[in-house]
Structure formats: structure tokens, C-alpha cells
file model39.pdb (PDB, C-alpha atoms)
ATOM      1  CA  MET A   1      83.358  92.802  74.094
ATOM      2  CA  THR A   2      81.900  89.859  75.919
ATOM      3  CA  THR A   3      82.235  91.755  79.170
ATOM      4  CA  ALA A   4      80.118  94.561  77.776
ATOM      5  CA  ASP A   5      77.533  92.051  76.551
ATOM      6  CA  ILE A   6      77.293  90.472  79.943
ATOM      7  CA  SER A   7      77.094  93.734  81.843
ATOM      8  CA  SER A   8      74.343  95.004  79.560
ATOM      9  CA  GLU A   9      72.303  91.970  80.558
ATOM     10  CA  LEU A  10      72.992  92.426  84.241
ATOM     11  CA  TRP A  11      70.068  93.592  86.286
ATOM     12  CA  GLU A  12      70.686  97.090  87.536
ATOM     13  CA  GLY A  13      67.777  97.587  89.875
ATOM     14  CA  ASP A  14      68.042  98.307  93.556
ATOM     15  CA  VAL A  15      67.807  95.101  95.557
ATOM     16  CA  ASN A  16      66.088  96.823  98.484
ATOM     17  CA  GLU A  17      63.502  98.442  96.223
ATOM     18  CA  ALA A  18      62.870  95.098  94.543
ATOM     19  CA  ALA A  19      62.447  93.342  97.889
ATOM     20  CA  ILE A  20      59.929  95.965  98.990
ATOM     21  CA  GLU A  21      57.980  95.601  95.735
ATOM     22  CA  GLU A  22      57.916  91.829  96.136
ATOM     23  CA  TRP A  23      56.834  92.136  99.757
ATOM     24  CA  LYS A  24      53.986  94.464  98.764
ATOM     25  CA  ALA A  25      52.901  92.090  96.003
ATOM     26  CA  ASP A  26      52.891  89.049  98.283
ATOM     27  CA  THR A  27      51.163  90.479 101.332
ATOM     28  CA  THR A  28      48.025  92.356 102.298
ATOM     29  CA  THR A  29      48.249  95.703 104.038
ATOM     30  CA  PHE A  30      47.045  93.992 107.220
ATOM     31  CA  ASP A  31      49.836  91.364 107.010
ATOM     32  CA  ARG A  32      52.421  94.086 106.724
ATOM     33  CA  VAL A  33      51.118  96.139 109.639
ATOM     34  CA  ARG A  34      51.058  92.997 111.787
ATOM     35  CA  HIS A  35      54.558  91.961 110.698
ATOM     36  CA  VAL A  36      55.946  95.383 111.494
ATOM     37  CA  SER A  37      54.117  95.800 114.798
ATOM     38  CA  ASP A  38      55.202  92.298 115.904
ATOM     39  CA  VAL A  39      58.842  93.400 115.796
ATOM     40  CA  THR A  40      58.277  96.881 117.208
ATOM     41  CA  THR A  41      59.903  96.714 120.634
ATOM     42  CA  GLU A  42      59.633 100.433 121.492
ATOM     43  CA  PRO A  43      56.514 102.617 121.205
ATOM     44  CA  GLN A  44      56.323 104.189 117.746
ATOM     45  CA  ALA A  45      54.048 106.723 116.079
ATOM     46  CA  VAL A  46      51.463 105.485 113.579
ATOM     47  CA  SER A  47      53.255 107.414 110.832
ATOM     48  CA  THR A  48      56.526 105.551 111.527
ATOM     49  CA  ILE A  49      54.837 102.148 111.512
ATOM     50  CA  ALA A  50      52.912 103.088 108.350
ATOM     51  CA  GLU A  51      56.154 104.012 106.623
ATOM     52  CA  ARG A  52      57.878 100.784 107.647
ATOM     53  CA  ALA A  53      54.878  98.695 106.570
ATOM     54  CA  HIS A  54      54.496 100.603 103.270
ATOM     55  CA  VAL A  55      50.839 101.379 103.911
ATOM     56  CA  SER A  56      48.978 104.662 104.272
ATOM     57  CA  GLU A  57      48.691 106.229 107.694
ATOM     58  CA  PRO A  58      44.881 105.760 107.978
ATOM     59  CA  THR A  59      45.310 102.078 107.062
ATOM     60  CA  ALA A  60      48.008 101.618 109.690
ATOM     61  CA  ARG A  61      45.882 103.417 112.294
ATOM     62  CA  LYS A  62      42.853 101.227 111.515
ATOM     63  CA  TYR A  63      44.758  97.938 111.791
ATOM     64  CA  LEU A  64      46.813  98.998 114.807
ATOM     65  CA  SER A  65      43.695  99.800 116.786
ATOM     66  CA  MET A  66      42.226  96.422 115.730
ATOM     67  CA  LEU A  67      45.403  94.639 116.846
ATOM     68  CA  ALA A  68      45.339  96.582 120.108
ATOM     69  CA  GLU A  69      41.807  95.348 120.748
ATOM     70  CA  THR A  70      42.862  91.721 120.309
ATOM     71  CA  GLY A  71      45.791  92.314 122.669
ATOM     72  CA  ARG A  72      48.475  91.724 120.054
ATOM     73  CA  VAL A  73      49.801  95.270 120.225
ATOM     74  CA  LYS A  74      49.929  97.723 123.063
ATOM     75  CA  ALA A  75      48.617 101.281 122.631
ATOM     76  CA  ILE A  76      50.446 103.940 124.601
ATOM     77  CA  ASN A  77      48.484 107.170 124.852
ATOM     78  CA  THR A  78      50.412 110.385 125.218
ATOM     79  CA  GLU A  79      48.831 113.834 125.374
ATOM     80  CA  SER A  80      49.197 114.444 121.644
ATOM     81  CA  LYS A  81      48.932 111.033 119.998
ATOM     82  CA  THR A  82      48.827 107.270 120.405
ATOM     83  CA  ARG A  83      51.982 105.231 119.971
ATOM     84  CA  TYR A  84      52.058 101.514 119.380
ATOM     85  CA  MET A  85      54.388  98.611 120.138
ATOM     86  CA  ARG A  86      54.020  94.857 120.290
ATOM     87  CA  ALA A  87      52.443  93.330 123.388
ATOM     88  CA  PRO A  88      55.192  91.250 125.002
ATOM     89  CA  GLN A  89      52.713  89.135 126.991
ATOM     90  CA  MET A  90      50.914  87.946 123.860
ATOM     91  CA  LEU A  91      54.132  86.848 122.166
ATOM     92  CA  ALA A  92      55.426  85.250 125.376
ATOM     93  CA  MET A  93      52.185  83.237 125.564
ATOM     94  CA  LYS A  94      52.895  81.776 122.113
ATOM     95  CA  ARG A  95      56.308  80.569 123.281
ATOM     96  CA  ILE A  96      54.934  79.280 126.570
ATOM     97  CA  ALA A  97      52.248  77.291 124.744
ATOM     98  CA  ALA A  98      54.814  75.788 122.339
ATOM     99  CA  ILE A  99      57.114  74.733 125.187
ATOM    100  CA  HIS A 100      54.203  73.298 127.135
ATOM    101  CA  ARG A 101      53.219  71.299 124.057
ATOM    102  CA  GLU A 102      56.663  69.924 123.192
ATOM    103  CA  HIS A 103      58.513  69.492 126.464
ATOM    104  CA  THR A 104      57.951  67.375 129.549
ATOM    105  CA  LYS A 105      57.792  68.776 133.048
ATOM    106  CA  THR A 106      61.238  67.259 133.788
ATOM    107  CA  GLU A 107      62.837  68.878 130.733
ATOM    108  CA  ILE A 108      61.467  72.262 131.732
ATOM    109  CA  ARG A 109      62.636  71.783 135.338
ATOM    110  CA  ASN A 110      66.141  70.846 134.143
ATOM    111  CA  THR A 111      66.302  73.914 131.921
ATOM    112  CA  ILE A 112      65.225  76.158 134.791
ATOM    113  CA  ARG A 113      67.953  74.618 136.955
ATOM    114  CA  ASP A 114      70.641  75.091 134.270
ATOM    115  CA  LEU A 115      69.607  78.688 133.589
ATOM    116  CA  LYS A 116      69.696  79.504 137.305
ATOM    117  CA  ILE A 117      73.209  78.063 137.590
ATOM    118  CA  GLU A 118      74.356  80.167 134.631
ATOM    119  CA  LEU A 119      72.763  83.242 136.202
ATOM    120  CA  ASN A 120      74.544  82.609 139.522
ATOM    121  CA  ASP A 121      77.838  82.210 137.670
ATOM    122  CA  PHE A 122      77.388  85.653 136.091
ATOM    123  CA  GLN A 123      76.525  87.193 139.470
ATOM    124  CA  GLU A 124      79.680  85.736 140.997
ATOM    125  CA  GLN A 125      81.920  86.508 138.021
ATOM    126  CA  TYR A 126      80.945  90.205 137.920
ATOM    127  CA  ASN A 127      80.080  90.535 141.600
ATOM    128  CA  VAL A 128      76.752  92.240 140.855
ATOM    129  CA  ALA A 129      73.218  91.137 141.679
ATOM    130  CA  THR A 130      71.388  92.298 138.568
ATOM    131  CA  VAL A 131      72.077  92.704 134.893
ATOM    132  CA  ASP A 132      71.280  96.429 135.154
ATOM    133  CA  GLU A 133      74.147  96.938 137.606
ATOM    134  CA  LEU A 134      76.522  95.314 135.148
ATOM    135  CA  THR A 135      75.189  97.486 132.308
ATOM    136  CA  LEU A 136      76.096 100.591 134.313
ATOM    137  CA  GLU A 137      79.623  99.342 134.943
ATOM    138  CA  LEU A 138      80.550  98.508 131.355
ATOM    139  CA  GLU A 139      82.195 100.882 128.896
ATOM    140  CA  PRO A 140      81.456 100.782 125.166
ATOM    141  CA  GLY A 141      83.665  98.165 123.533
ATOM    142  CA  ASP A 142      84.073  96.078 126.694
ATOM    143  CA  ASP A 143      83.969  92.315 126.354
ATOM    144  CA  GLY A 144      81.125  92.020 128.835
ATOM    145  CA  TRP A 145      78.366  93.148 126.439
ATOM    146  CA  ARG A 146      78.051  89.667 125.067
ATOM    147  CA  ASP A 147      77.394  88.458 128.604
ATOM    148  CA  ILE A 148      74.788  91.206 129.110
ATOM    149  CA  THR A 149      72.860  89.912 126.137
ATOM    150  CA  ARG A 150      73.158  86.359 127.405
ATOM    151  CA  TRP A 151      72.118  87.409 130.909
ATOM    152  CA  GLN A 152      69.004  89.210 129.598
ATOM    153  CA  GLN A 153      68.290  86.156 127.512
ATOM    154  CA  ILE A 154      68.567  83.866 130.540
ATOM    155  CA  GLU A 155      66.149  86.017 132.535
ATOM    156  CA  GLU A 156      63.614  86.033 129.725
ATOM    157  CA  ASN A 157      63.911  82.292 129.147
ATOM    158  CA  LEU A 158      63.640  81.638 132.873
ATOM    159  CA  GLU A 159      60.378  83.558 133.079
ATOM    160  CA  ILE A 160      59.015  81.749 130.040
ATOM    161  CA  ALA A 161      60.093  78.324 131.325
ATOM    162  CA  GLN A 162      58.627  79.000 134.755
ATOM    163  CA  ALA A 163      55.345  80.089 133.183
ATOM    164  CA  ALA A 164      55.337  76.958 130.999
ATOM    165  CA  LEU A 165      55.941  74.829 134.074
ATOM    166  CA  SER A 166      53.095  76.472 135.965
ATOM    167  CA  LEU A 167      50.822  75.684 133.004
ATOM    168  CA  TYR A 168      50.999  72.050 134.064
ATOM    169  CA  ASP A 169      48.946  73.017 137.091
ATOM    170  CA  PHE A 170      46.590  75.051 134.936
ATOM    171  CA  ASP A 171      45.394  72.677 132.263
ATOM    172  CA  PRO A 172      41.877  73.580 131.095
ATOM    173  CA  ASP A 173      41.597  70.512 128.852
ATOM    174  CA  ASP A 174      43.164  68.303 131.515
ATOM    175  CA  SER A 175      44.976  66.524 128.686
ATOM    176  CA  HIS A 176      47.999  65.602 130.790
ATOM    177  CA  ALA A 177      46.071  64.466 133.825
ATOM    178  CA  ALA A 178      43.287  62.713 131.898
ATOM    179  CA  SER A 179      44.687  59.181 131.836
ATOM    180  CA  ALA A 180      45.859  59.382 135.428
ATOM    181  CA  ARG A 181      42.441  60.560 136.530
ATOM    182  CA  VAL A 182      40.649  57.739 134.734
ATOM    183  CA  ALA A 183      42.846  55.202 136.520
ATOM    184  CA  ASN A 184      42.340  57.024 139.784
ATOM    185  CA  THR A 185      38.559  57.179 139.408
ATOM    186  CA  ASP A 186      38.468  53.431 138.765
ATOM    187  CA  ARG A 187      40.197  52.794 142.020
ATOM    188  CA  VAL A 188      38.017  55.214 143.952
ATOM    189  CA  VAL A 189      34.816  53.761 142.522
ATOM    190  CA  ARG A 190      35.918  50.289 143.502
ATOM    191  CA  SER A 191      36.723  51.279 147.065
ATOM    192  CA  ASP A 192      33.438  53.193 147.269
ATOM    193  CA  SER A 193      31.486  50.172 146.162
ATOM    194  CA  ASP A 194      33.338  48.122 148.763
ATOM    195  CA  GLU A 195      32.242  50.483 151.470
ATOM    196  CA  TYR A 196      28.875  51.620 150.274
ATOM    197  CA  GLY A 197      27.863  48.780 147.998
ATOM    198  CA  ALA A 198      25.227  49.580 145.388
ATOM    199  CA  LEU A 199      24.159  52.717 147.225
ATOM    200  CA  GLY A 200      27.366  54.603 146.476
ATOM    201  CA  ASP A 201      26.497  58.281 146.060
ATOM    202  CA  ASP A 202      26.938  59.624 142.501
ATOM    203  CA  GLY A 203      27.673  63.101 143.761
ATOM    204  CA  GLU A 204      30.502  61.913 145.945
ATOM    205  CA  GLN A 205      32.084  59.920 143.133
ATOM    206  CA  SER A 206      32.151  62.892 140.807
ATOM    207  CA  THR A 207      34.122  64.921 143.318
ATOM    208  CA  ALA A 208      36.745  62.154 143.628
TER
ATOM    209  CA  MET B   1      68.139  99.080 111.827
ATOM    210  CA  GLU B   2      71.915  99.047 111.667
ATOM    211  CA  PRO B   3      73.746  95.825 110.910
ATOM    212  CA  ASN B   4      76.416  94.945 113.416
ATOM    213  CA  ALA B   5      78.492  91.778 113.429
ATOM    214  CA  ASP B   6      80.064  92.307 116.839
ATOM    215  CA  THR B   7      78.337  92.916 120.093
ATOM    216  CA  GLU B   8      79.905  96.170 121.253
ATOM    217  CA  GLY B   9      77.079  97.683 123.235
ATOM    218  CA  GLU B  10      73.713  96.765 124.602
ATOM    219  CA  VAL B  11      71.739  94.914 121.939
ATOM    220  CA  GLY B  12      69.110  93.383 124.201
ATOM    221  CA  PRO B  13      67.974  89.780 124.307
ATOM    222  CA  LEU B  14      67.294  87.623 121.269
ATOM    223  CA  ASP B  15      64.034  88.458 119.493
ATOM    224  CA  GLU B  16      62.282  85.144 118.795
ATOM    225  CA  THR B  17      59.369  86.846 117.072
ATOM    226  CA  ALA B  18      61.660  88.503 114.555
ATOM    227  CA  LEU B  19      63.466  85.196 114.036
ATOM    228  CA  GLU B  20      60.158  83.455 113.388
ATOM    229  CA  GLN B  21      59.418  86.008 110.681
ATOM    230  CA  ILE B  22      62.850  85.323 109.188
ATOM    231  CA  ARG B  23      62.149  81.597 109.299
ATOM    232  CA  ASP B  24      58.841  82.172 107.478
ATOM    233  CA  GLU B  25      60.705  84.208 104.875
ATOM    234  CA  PHE B  26      63.247  81.413 104.317
ATOM    235  CA  ALA B  27      60.346  78.968 104.015
ATOM    236  CA  THR B  28      59.183  80.780 100.865
ATOM    237  CA  LEU B  29      62.344  79.494  99.104
ATOM    238  CA  ASP B  30      60.449  76.526  97.691
ATOM    239  CA  GLY B  31      62.252  73.232  98.106
ATOM    240  CA  LEU B  32      65.552  74.808  99.051
ATOM    241  CA  VAL B  33      65.141  74.604 102.797
ATOM    242  CA  ILE B  34      66.265  71.310 104.341
ATOM    243  CA  GLU B  35      65.468  72.444 107.826
ATOM    244  CA  SER B  36      64.877  75.615 109.743
ATOM    245  CA  ARG B  37      64.650  75.481 113.493
ATOM    246  CA  PHE B  38      65.733  77.107 116.698
ATOM    247  CA  ASP B  39      68.676  75.435 118.429
ATOM    248  CA  SER B  40      66.404  75.075 121.447
ATOM    249  CA  LEU B  41      62.811  75.899 122.274
ATOM    250  CA  LEU B  42      63.498  76.370 125.982
ATOM    251  CA  ASP B  43      66.720  78.337 125.588
ATOM    252  CA  PRO B  44      66.956  79.591 122.012
ATOM    253  CA  THR B  45      70.182  81.331 121.032
ATOM    254  CA  LYS B  46      69.895  81.228 117.233
ATOM    255  CA  LEU B  47      67.824  80.183 114.256
ATOM    256  CA  ILE B  48      69.476  77.501 112.128
ATOM    257  CA  VAL B  49      68.528  77.311 108.452
ATOM    258  CA  ARG B  50      70.038  74.657 106.184
ATOM    259  CA  LEU B  51      69.614  75.050 102.430
ATOM    260  CA  ASN B  52      69.874  72.416  99.742
ATOM    261  CA  ASP B  53      72.142  74.543  97.569
ATOM    262  CA  GLY B  54      75.088  76.819  98.053
ATOM    263  CA  ILE B  55      77.477  79.297  96.533
ATOM    264  CA  GLY B  56      79.659  77.938  93.707
ATOM    265  CA  ALA B  57      80.478  74.269  94.161
ATOM    266  CA  ALA B  58      78.815  73.923  97.522
ATOM    267  CA  ASP B  59      75.720  71.730  97.377
ATOM    268  CA  SER B  60      74.372  72.857 100.718
ATOM    269  CA  CYS B  61      74.892  75.621 103.215
ATOM    270  CA  ARG B  62      73.824  76.734 106.594
ATOM    271  CA  PHE B  63      72.858  80.088 108.098
ATOM    272  CA  ASP B  64      72.940  80.761 111.814
ATOM    273  CA  VAL B  65      70.756  83.784 112.387
ATOM    274  CA  ARG B  66      70.560  85.995 115.463
ATOM    275  CA  TRP B  67      68.280  89.004 115.746
ATOM    276  CA  TYR B  68      68.110  91.138 118.876
ATOM    277  CA  HIS B  69      65.425  93.338 120.433
ATOM    278  CA  THR B  70      67.169  96.535 119.437
ATOM    279  CA  GLY B  71      67.345  95.488 115.774
ATOM    280  CA  TYR B  72      70.969  94.359 115.776
ATOM    281  CA  TYR B  73      71.413  91.174 113.835
ATOM    282  CA  ASN B  74      73.918  88.626 112.705
ATOM    283  CA  PHE B  75      73.775  86.127 109.822
ATOM    284  CA  HIS B  76      76.554  83.569 109.868
ATOM    285  CA  HIS B  77      76.991  81.504 106.681
ATOM    286  CA  THR B  78      78.952  78.248 106.487
ATOM    287  CA  ASP B  79      79.261  75.474 103.908
ATOM    288  CA  LYS B  80      81.429  72.463 103.085
ATOM    289  CA  GLN B  81      83.675  74.571 100.838
ATOM    290  CA  ASP B  82      84.666  76.550 103.930
ATOM    291  CA  VAL B  83      83.016  79.669 102.630
ATOM    292  CA  ASN B  84      82.507  81.406 105.916
ATOM    293  CA  PHE B  85      81.051  84.873 106.417
TER
END

call {"tool": "encode", "arguments": {"input": "model39.pdb", "output": "C-alpha cells"}}
result
Amino acid sequence: MTTADISSELWEGDVNEAAIEEWKADTTTFDRVRHVSDVTTEPQAVSTIAERAHVSEPTARKYLSMLAETGRVKAINTESKTRYMRAPQMLAMKRIAAIHREHTKTEIRNTIRDLKIELNDFQEQYNVATVDELTLELEPGDDGWRDITRWQQIEENLEIAQAALSLYDFDPDDSHAASARVANTDRVVRSDSDEYGALGDDGEQSTA
Amino acid sequence: MEPNADTEGEVGPLDETALEQIRDEFATLDGLVIESRFDSLLDPTKLIVRLNDGIGAADSCRFDVRWYHTGYYNFHHTDKQDVNF
């Protein structure tokens, strides 16, 4: 009796349907197209992306072409129609910027060193030069697939870390070098005034 | 996207963008999230989410989430009651 009472109060909806309804209620159509395109790693037709984002096809097409203009998604034109996928460079830039912001040059260098060691270990262990060679050698169900994933991960992280490191040499705001430069300029100005006295050339100082 | 607990074929590298979306989704659980972070920014291997509640008697739990480029994913749940799945 009590069991029947309880079960009659149990919710009998479909959890996936409910999640979709909640998603649609909480987001705009643009949010959903962006969310879906951000995790689209292979080129897909507008109709497929529209379906996944639960928006109409014209809406998806409109937003996808907007996102393509900003560089967030990549448009791949085939003879019949345009397919879309996320732009890996744009998303990599977000990670690079975050690493640049939160890690020192030394930390990034150490990570690059560790990742390279791990990569060399894989090359020696499997006696192949690239991850693609290993992929060709493995059979479904082999233990090595976990290492393939790790290897691909290492290569991606290496590229990102190296890009983050090179950002230290490309610093438009000069935030990292600012304090050092101020100290440096002080010293240069003093030595200039020693040599040239009050006639020190402004133009020369600014190039210091 | 097919769920798959074990890596038995090529799943591709970890998808940080997808994991960030998952982190944002966890963040909508008001007040429940103690922390949600990647294990590393430079070499991320998983997203760690700790919640201030759990299943049954557990008063907190932890999810280790992995999501790969091909759509394969893995949610690992642990808590102090040794509920492990």
C-alpha cells in the first residue's frame, strides 16, 4: 500500500527531456549555438548543429556565420554546403593567456622539460618516433590506447606551453618588464647625465 | 556521444573546452560546489569537482571528470563512505 503511494508520487518524466527543457529555459539560442560549436571537433552540417543546440536551422546558420567572422568557429566550404567546427587556435589562445597569467617563466620551462622527458620515454618504450606510428601498430583492445591519449595530450600541452613561454617575449602591455625597465632607465639616465651633463639628448634616452 | 569507461580505442586528447562547460554546469549547483578546478593548468588531465553533499550518509563527494575530443568521457565519483563508481 505504502509502496503504491510512494510510486504514484514518483516523477516519471524522462531525465534527458527534462534536462533539455531546462537548458532551453536557461539559455538564449545564441548561447546554445556557441556551446555546441565550442565542442564540435569535426566539421558538421548546420542542420546537425541546429539539432544539437535545439534551435532552428536558420538561427544556427545566422549565429554560426557570426561566430565564424569573430574567429571562434571555422567554416569549411564544400561544393554543396558549409560545414562548421570550432576554431582550435581561438580556444588554444584562451589557455595560453591563462597560463601566461598564472604561471612564471620557470614553471612553464619546467613543465616543457617534464613533458619532453615523458614524450621521449614513450618513443623509447614503443620504438616509434610519432604517435601516429603507434596508432597504426595498435589493435583494438590493446593496452597502449591509454598511452596514445596521453601522448596526444603531451603534444598539445607542449605546444600550448611553448606558445605561453614565447608570450613573455611578446608582451604588448609590457607588464612583466615594466618594473625592470624603470630601474634600467634610471641607471641609463644617470650614466647619460654623467657623460653628457644637462645636455643629455631626450631622443636618445627614450630609446634606452 | 557514446559513454565509455575504458579507453579501448583512440579517444583523442582531453577536451579542456568541454570540461570548462562541465565546470560551468556544476557551478550552477548553488552553494554545493566546494571547489572545481583542473588538476593542472599547464598539463591538465582531469577536472576535479568537490561537492558539499553526497549520496546517503556522505557529507561530501568528489567527481573526477575526463572528456575527450571524440566525445568519450569518464566521470569518477568518490566519497568518504567508499561509494566509488

call {"tool": "resolve_selection", "arguments": {"input": "model39.pdb", "expression": "the PyMOL selection byres ((chain A and resi 49) around 10)", "output": "ChimeraX atom specification"}}
result
/A:32-34,36-37,40,43-48,50-57,60-61,64,83-85

call {"tool": "interface_residues", "arguments": {"input": "model39.pdb", "of": "chain B", "to": "chain A", "cutoff": "10 Å", "atoms": "only C-alpha atoms", "output": "VMD selection string"}}
result
chain B and resid 6 to 19 21 41 to 45 68 to 71

call {"tool": "atom_distance", "arguments": {"input": "model39.pdb", "atom1": "CA of Asn120 (chain A)", "atom2": "CA of Ala163 (chain A)"}}
result
20.4 Å

call {"tool": "atom_distance", "arguments": {"input": "model39.pdb", "atom1": "CA of Gly31 (chain B)", "atom2": "CA of Gly56 (chain B)"}}
result
18.6 Å

call {"tool": "axis_aligned_box", "arguments": {"input": "model39.pdb", "around": "region 34-53 of chain B", "padding_each_side": "4 Å", "output": "lines of an AutoDock Vina configuration file"}}
result
center_x = 67.5
center_y = 76.3
center_z = 111.8
size_x = 17.3
size_y = 18.0
size_z = 36.4

call {"tool": "atom_distance", "arguments": {"input": "model39.pdb", "atom1": "CA of Phe85 (chain B)", "atom2": "CA of Gly54 (chain B)"}}
result
13.1 Å

call {"tool": "resolve_selection", "arguments": {"input": "model39.pdb", "expression": "the PyMOL selection byres ((chain B and resi 78) around 12)", "output": "VMD selection string"}}
result
chain B and resid 48 to 51 53 to 55 58 to 65 75 to 77 79 to 85

call {"tool": "residues_near_point", "arguments": {"input": "model39.pdb", "point": "(52.0, 89.3, 118.2)", "cutoff": "7 Å", "atoms": "only C-alpha atoms", "output": "PDB file with C-alpha atoms, in the coordinates of the input"}}
result
ATOM      1  CA  ASP A  38      55.202  92.298 115.904  1.00  0.00           C
ATOM      2  CA  ARG A  72      48.475  91.724 120.054  1.00  0.00           C
ATOM      3  CA  VAL A  73      49.801  95.270 120.225  1.00  0.00           C
ATOM      4  CA  ARG A  86      54.020  94.857 120.290  1.00  0.00           C
ATOM      5  CA  ALA A  87      52.443  93.330 123.388  1.00  0.00           C
ATOM      6  CA  MET A  90      50.914  87.946 123.860  1.00  0.00           C
ATOM      7  CA  LEU A  91      54.132  86.848 122.166  1.00  0.00           C
TER       8      LEU A  91
END

call {"tool": "residues_around", "arguments": {"input": "model39.pdb", "residues": "Phe122 (chain A)", "least_positions_apart": "2", "cutoff": "10 Å", "atoms": "only C-alpha atoms", "output": "ChimeraX atom specification"}}
result
/A:116-120,124-131,134,147-148,150-151

call {"tool": "write_last_selection", "arguments": {"input": "model39.pdb", "atoms": "C-alpha atoms", "output": "PDB file, keeping the file's coordinate frame"}}
result
ATOM      1  CA  LYS A 116      69.696  79.504 137.305  1.00  0.00           C
ATOM      2  CA  ILE A 117      73.209  78.063 137.590  1.00  0.00           C
ATOM      3  CA  GLU A 118      74.356  80.167 134.631  1.00  0.00           C
ATOM      4  CA  LEU A 119      72.763  83.242 136.202  1.00  0.00           C
ATOM      5  CA  ASN A 120      74.544  82.609 139.522  1.00  0.00           C
ATOM      6  CA  GLU A 124      79.680  85.736 140.997  1.00  0.00           C
ATOM      7  CA  GLN A 125      81.920  86.508 138.021  1.00  0.00           C
ATOM      8  CA  TYR A 126      80.945  90.205 137.920  1.00  0.00           C
ATOM      9  CA  ASN A 127      80.080  90.535 141.600  1.00  0.00           C
ATOM     10  CA  VAL A 128      76.752  92.240 140.855  1.00  0.00           C
ATOM     11  CA  ALA A 129      73.218  91.137 141.679  1.00  0.00           C
ATOM     12  CA  THR A 130      71.388  92.298 138.568  1.00  0.00           C
ATOM     13  CA  VAL A 131      72.077  92.704 134.893  1.00  0.00           C
ATOM     14  CA  LEU A 134      76.522  95.314 135.148  1.00  0.00           C
ATOM     15  CA  ASP A 147      77.394  88.458 128.604  1.00  0.00           C
ATOM     16  CA  ILE A 148      74.788  91.206 129.110  1.00  0.00           C
ATOM     17  CA  ARG A 150      73.158  86.359 127.405  1.00  0.00           C
ATOM     18  CA  TRP A 151      72.118  87.409 130.909  1.00  0.00           C
TER      19      TRP A 151
END
